Amino acid sequence: MGSGKNIALTISRTIVGLLFIFSGLIKANDPLGFGYKLQEYFEVFHISFLNDYAPAIAILLCTLEIVLGALLLLGFWANKVAWGLLLLIIFFTFLTFYSAFFEVVTSCGCFGDAIPLSPWQSFGKDIVLLALILVIFRYRGEITSLISGQKSMQWISGAVILLSLGFGLYTYNFLPILDFLPYKIGNNIPSLMVVPPGAPLDVYEITYTLKNKKSGEEKKLTDKEYISTEIWKDNSWAIVGDPVNRLVKKGYDVKIKDLKITDSQGTDYNKEILENPYYNLMVVAYDLSKANRNGIGDLNALAINAAENYNIRTVLLTSNSAQSADEFSDQNKLVMEIFFADGIPLKSMVRSNPGLLLLKNGTVVNKWHFHNLPSYDELVAEYFQNN
């Protein structure tokens, strides 16, 4: 193979291999979040019966990406890996094009919440990857393994599979290693719900349609043109139809824009709960019907001890109806106050159902999956006795 083709193959292998590993690791860091994204696609294609399997499918897809990327860089089983990459990128390219063209999924989740991409950006990224993978596929016969011997290749590949799969399973059961969401430890929730002073605001352009009363001529003018030309002074022109607003410059993007905590009557409790100056526990269970019962029991025990000994307030946030929440509370003898919020922000608060946040003055001090909840004594020693 000529030097030019060899360079093209090497560059393509390096970019594709590293990008697949990076993409797989970023999503495997938050497989439950990737699972939520998959559920959006399942709804679009009317295969919502797969929703319960979304986390498992997410972990397997992440593992597949990492493994294919690693095997490509190592040069193992080049023909099979090239076929796998080609089929996978064709599938992804179709999904991103469908999402962009029909505007059905606003973000593909290709790089999780770490690097949000618009649908057209995702499609463009996949087109570039497709071109690089076609180079790899065309010259797959020229790829040589960095390791000789089938046994060694099998052992190394097995280790890559186990590590990739194990990473996804770990983060699924014990929260993401890196939290890219606005409710991560150290963030102050109320401050992320407002536009800070001096931050740029969205800039819109208004377009008017005007019609000449005498000639019937129509013209379109922006709001600036409408003022600068002083056409508004000419009584022979009249605005017809509704003005059209177009966003021309995006301003500051509020990180938390959809969180509204209410009681069963719809009364807003955002300020009272999120600006509590003392330590308070927030249990998050976006869907009580799917919440782990053992986890709920452990959290209830923590709430009882925290209230009795340190007067710590514990609230439960859910997206269930008030009736089903009351029934759940009675069945599980909960001592927590129950409040309600939309499921989308609740899923972002903690990747666990249920999960626990420790707040103080609106700041997320810590958060836990129900699999690794702290003991009451640990909470006392580290937090409550200094409250």
# chains A, B, ... in the order shown; residues from 1 in each chain; ligands from 1

call {"tool": "closest_atom_pairs", "arguments": {"of": "region 289-366 of chain A", "to": "region 255-260 of chain A", "cutoff": "9 Å", "atoms": "only C-alpha atoms", "output": "tab-separated table"}}
result
residue	atom	partner	partner_atom	distance
A:Phe340	CA	A:Lys260	CA	8.1
A:Ala341	CA	A:Lys260	CA	5.7
A:Asp342	CA	A:Leu259	CA	7.1
A:Ile344	CA	A:Asp258	CA	8.0
A:Pro345	CA	A:Leu259	CA	6.0
A:Leu346	CA	A:Leu259	CA	8.2

call {"tool": "residues_around", "arguments": {"residues": "Tyr53 (chain A)", "least_positions_apart": "5", "cutoff": "10 Å", "atoms": "only C-alpha atoms", "output": "list in words"}}
result
Gly35, Leu38, Gln39, Ser48 and Ala58 of chain A

call {"tool": "closest_residue", "arguments": {"among": "A:Asn366, A:Thr318, A:Thr10, A:Gln150", "to": "Ala291 (chain A)", "atoms": "only C-alpha atoms"}}
result
A:Thr318

call {"tool": "residues_around", "arguments": {"residues": "Val254 (chain A)", "least_positions_apart": "2", "cutoff": "7 Å", "atoms": "only C-alpha atoms", "output": "count of residues only"}}
result
7

call {"tool": "residues_around", "arguments": {"residues": "region 4-8 of chain A", "least_positions_apart": "6", "cutoff": "12 Å", "atoms": "only C-alpha atoms", "output": "list in words"}}
result
Thr14, Ile15, Val16, Ala131, Leu132, Ile133, Leu134, Val135, Ile136, Phe137, Arg138, Tyr139, Arg140, Gly141, Glu142, Ile143 and Thr144 of chain A

call {"tool": "write_last_selection", "arguments": {"atoms": "N, CA and C atoms", "output": "tab-separated table (two decimals), in the first residue's frame"}}
result
chain	number	residue	atom	x	y	z
A	14	THR	N	-6.78	5.97	14.06
A	14	THR	CA	-6.51	6.68	15.31
A	14	THR	C	-7.71	7.52	15.74
A	15	ILE	N	-8.25	8.31	14.80
A	15	ILE	CA	-9.38	9.18	15.12
A	15	ILE	C	-10.60	8.37	15.50
A	16	VAL	N	-10.94	7.38	14.68
A	16	VAL	CA	-12.14	6.57	14.93
A	16	VAL	C	-11.99	5.78	16.23
A	131	ALA	N	-17.13	8.65	6.77
A	131	ALA	CA	-16.07	8.78	5.75
A	131	ALA	C	-14.78	8.11	6.22
A	132	LEU	N	-14.42	8.33	7.48
A	132	LEU	CA	-13.21	7.72	8.02
A	132	LEU	C	-13.33	6.20	8.11
A	133	ILE	N	-14.50	5.74	8.50
A	133	ILE	CA	-14.70	4.28	8.61
A	133	ILE	C	-14.70	3.63	7.23
A	134	LEU	N	-15.17	4.33	6.21
A	134	LEU	CA	-15.11	3.79	4.85
A	134	LEU	C	-13.66	3.60	4.40
A	135	VAL	N	-12.78	4.50	4.83
A	135	VAL	CA	-11.35	4.33	4.54
A	135	VAL	C	-10.83	3.07	5.24
A	136	ILE	N	-11.21	2.91	6.50
A	136	ILE	CA	-10.79	1.73	7.26
A	136	ILE	C	-11.33	0.46	6.61
A	137	PHE	N	-12.59	0.51	6.20
A	137	PHE	CA	-13.22	-0.66	5.59
A	137	PHE	C	-12.54	-1.01	4.26
A	138	ARG	N	-12.22	0.04	3.48
A	138	ARG	CA	-11.60	-0.20	2.18
A	138	ARG	C	-10.23	-0.87	2.33
A	139	TYR	N	-9.47	-0.49	3.34
A	139	TYR	CA	-8.11	-1.01	3.50
A	139	TYR	C	-7.98	-1.91	4.72
A	140	ARG	N	-9.08	-2.53	5.11
A	140	ARG	CA	-9.06	-3.37	6.31
A	140	ARG	C	-8.07	-4.53	6.20
A	141	GLY	N	-7.83	-4.96	5.00
A	141	GLY	CA	-6.89	-6.07	4.81
A	141	GLY	C	-5.45	-5.69	5.10
A	142	GLU	N	-5.17	-4.39	5.16
A	142	GLU	CA	-3.81	-3.92	5.42
A	142	GLU	C	-3.53	-3.70	6.91
A	143	ILE	N	-4.56	-3.86	7.74
A	143	ILE	CA	-4.38	-3.63	9.18
A	143	ILE	C	-3.74	-4.86	9.81
A	144	THR	N	-2.68	-4.63	10.53
A	144	THR	CA	-1.97	-5.73	11.20
A	144	THR	C	-2.10	-5.59	12.71

call {"tool": "closest_residue", "arguments": {"among": "A:Ile177, A:Ile231, A:Val67, A:Leu302", "to": "Pro374 (chain A)", "atoms": "only C-alpha atoms"}}
result
A:Leu302

call {"tool": "residues_around", "arguments": {"residues": "region 293-296 of chain A", "least_positions_apart": "3", "cutoff": "12 Å", "atoms": "only C-alpha atoms", "output": "JSON, numbers by chain"}}
result
{"A": [283, 284, 285, 287, 288, 289, 290, 299, 300, 301, 302, 303, 316, 328, 329, 331, 332, 333, 334, 335, 336, 352, 353, 354, 355, 356, 368, 369, 370, 371, 372, 373, 374]}

call {"tool": "closest_residue", "arguments": {"among": "A:Phe339, A:Phe34, A:Tyr226, A:Phe76", "to": "Leu146 (chain A)", "atoms": "only C-alpha atoms"}}
result
A:Phe76
